[in-house]
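Peer 1: Pasting a structure below so you can have a look.
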Amino acid sequence: MLRESEARDRPAFIELLASPEVNTYLGGPRPRDELEREMPGMPERWPGSFVVDLDGTMIGQILLRRATGHRRPAAAGKADLGYLFLPRAWGFGYAAEACAAALDWFDGVLPGEPVVLTTQTANVGSMRLAAKLGFTEVERFHAWDAEQWLGLRSPVTASA
């Protein structure tokens with residue numbers, strides 16, 4: 001289930017951001033004590049930010065936001081899909097199901113808008129997920145000391 005963040009999600013957000021496994025391809029984890037001090041009691045809410053809830057517990061987060069500061073011209077101004085899942089939720093198809101639901105929401109709110117996704121090519125799971133969600137390669141580039149992959153999901157068009 002996708003829902004807005006709640007105060008009870010704070011420990012899971014800290015776990016996501018402090019996890020070495022989750023942040024392997026994202027520049028590394030943040031120190032837990034720093035997160036405990038700096039994270040507000042109520043996580044920020046905005047359209048396109050979803051908590052992925054499994055049986056009343058947060059297992060991940062999905063973000064759909066404008067790629068305003070993206071360094072790649074092909075992504076500039078387009079909606080960008082990002083996701084983080086706790087390791088205990090990996091391998092069950094939750095990310096594919098939740099991302100597909102978020103993309104369906106997006107298509108309903110902003111029909112005809114393309115979506116981009118960037119991941120490291122070394123992140124095999126994320127590459128598989130991107131393909132499953134219908135993203136196709138636009139380019140590969142080098143950033144953050146690794147090869148990156150930029151994919152585009154073309155707008156869904158209504159059939160007559």
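Ordered as shown in the structure tokens, chains take letters A, B, and onward, while each chain numbers its residues from 1 and ligands are numbered from 1 in the order shown.
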Skip region 83-96 of chain A itself and residues of its chain fewer than 3 positions away, then list as a list in words all residues within 8 Å of it, counting only C-alpha atoms.

Peer 2: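 The contact residues come out as Glu15, Leu16, Glu21, Val22, Ile59, Gly60, Gln61, Ile62, Leu63, Cys99, Ala100, Leu129, Lys132 and Leu133 of chain A.
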
Peer 1: Could the residues in this selection be written to a file with N, CA and C atoms, as a PDB file, in the first residue's frame?

Peer 2:
ATOM      1  N   GLU A  15      16.439   4.057   9.500  1.00  0.00           N
ATOM      2  CA  GLU A  15      17.024   2.773   9.097  1.00  0.00           C
ATOM      3  C   GLU A  15      17.379   2.772   7.608  1.00  0.00           C
ATOM      4  N   LEU A  16      16.494   3.319   6.763  1.00  0.00           N
ATOM      5  CA  LEU A  16      16.762   3.397   5.325  1.00  0.00           C
ATOM      6  C   LEU A  16      18.027   4.208   5.035  1.00  0.00           C
ATOM      7  N   GLU A  21      23.588  -1.378   3.149  1.00  0.00           N
ATOM      8  CA  GLU A  21      23.072  -2.134   2.006  1.00  0.00           C
ATOM      9  C   GLU A  21      22.216  -1.251   1.106  1.00  0.00           C
ATOM     10  N   VAL A  22      21.303  -0.492   1.703  1.00  0.00           N
ATOM     11  CA  VAL A  22      20.404   0.368   0.929  1.00  0.00           C
ATOM     12  C   VAL A  22      21.187   1.422   0.164  1.00  0.00           C
ATOM     13  N   ILE A  59       8.130  -0.236   4.691  1.00  0.00           N
ATOM     14  CA  ILE A  59       9.235  -1.055   4.165  1.00  0.00           C
ATOM     15  C   ILE A  59      10.036  -0.304   3.113  1.00  0.00           C
ATOM     16  N   GLY A  60       9.554   0.881   2.716  1.00  0.00           N
ATOM     17  CA  GLY A  60      10.265   1.629   1.699  1.00  0.00           C
ATOM     18  C   GLY A  60       9.650   2.977   1.441  1.00  0.00           C
ATOM     19  N   GLN A  61      10.278   3.689   0.503  1.00  0.00           N
ATOM     20  CA  GLN A  61       9.824   5.011   0.112  1.00  0.00           C
ATOM     21  C   GLN A  61       9.955   5.139  -1.396  1.00  0.00           C
ATOM     22  N   ILE A  62       8.988   5.821  -2.004  1.00  0.00           N
ATOM     23  CA  ILE A  62       9.024   6.125  -3.427  1.00  0.00           C
ATOM     24  C   ILE A  62       8.869   7.633  -3.573  1.00  0.00           C
ATOM     25  N   LEU A  63       9.691   8.203  -4.447  1.00  0.00           N
ATOM     26  CA  LEU A  63       9.638   9.634  -4.718  1.00  0.00           C
ATOM     27  C   LEU A  63       9.450   9.854  -6.211  1.00  0.00           C
ATOM     28  N   CYS A  99       6.250   0.711  -7.185  1.00  0.00           N
ATOM     29  CA  CYS A  99       6.639   1.694  -8.202  1.00  0.00           C
ATOM     30  C   CYS A  99       5.596   1.765  -9.311  1.00  0.00           C
ATOM     31  N   ALA A 100       5.060   0.620  -9.715  1.00  0.00           N
ATOM     32  CA  ALA A 100       4.012   0.609 -10.739  1.00  0.00           C
ATOM     33  C   ALA A 100       2.786   1.373 -10.248  1.00  0.00           C
ATOM     34  N   LEU A 129      14.570  -3.727 -12.300  1.00  0.00           N
ATOM     35  CA  LEU A 129      13.321  -3.049 -11.963  1.00  0.00           C
ATOM     36  C   LEU A 129      12.984  -1.995 -13.014  1.00  0.00           C
ATOM     37  N   LYS A 132      11.567  -3.696 -15.999  1.00  0.00           N
ATOM     38  CA  LYS A 132      10.233  -4.226 -15.700  1.00  0.00           C
ATOM     39  C   LYS A 132       9.180  -3.115 -15.717  1.00  0.00           C
ATOM     40  N   LEU A 133       9.585  -1.903 -15.295  1.00  0.00           N
ATOM     41  CA  LEU A 133       8.660  -0.769 -15.236  1.00  0.00           C
ATOM     42  C   LEU A 133       8.511  -0.052 -16.587  1.00  0.00           C
TER      43      LEU A 133
END

Peer 1: Considering only C-alpha atoms, state which residue in the set A:Glu97, A:Glu38, A:Glu44, A:Asp80 is at the smallest distance from Pro114 (chain A).

Peer 2: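 When distances to Pro114 (chain A) are compared using only C-alpha atoms, the smallest one comes from A:Asp80.
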
Peer 1: Using only C-alpha atoms for the distances, tell me which of A:Ser5, A:Thr136, A:Asn23, A:Thr118 is nearest to Gly56 (chain A).

Peer 2: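 For Gly56 (chain A), the nearest of the given residues is A:Ser5.
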
Peer 1: Could you state the separation of CA of Arg10 (chain A) and CA of Thr57 (chain A) in Å, given to one decimal place?

Peer 2: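 Interatomic distance here is 11.3 Å.
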
Peer 1: So which bits of region 53-121 of chain A end up alpha helix (DSSP H) when you DSSP the backbone, as an MDAnalysis selection string?

Peer 2: chainID A and resid 94:109
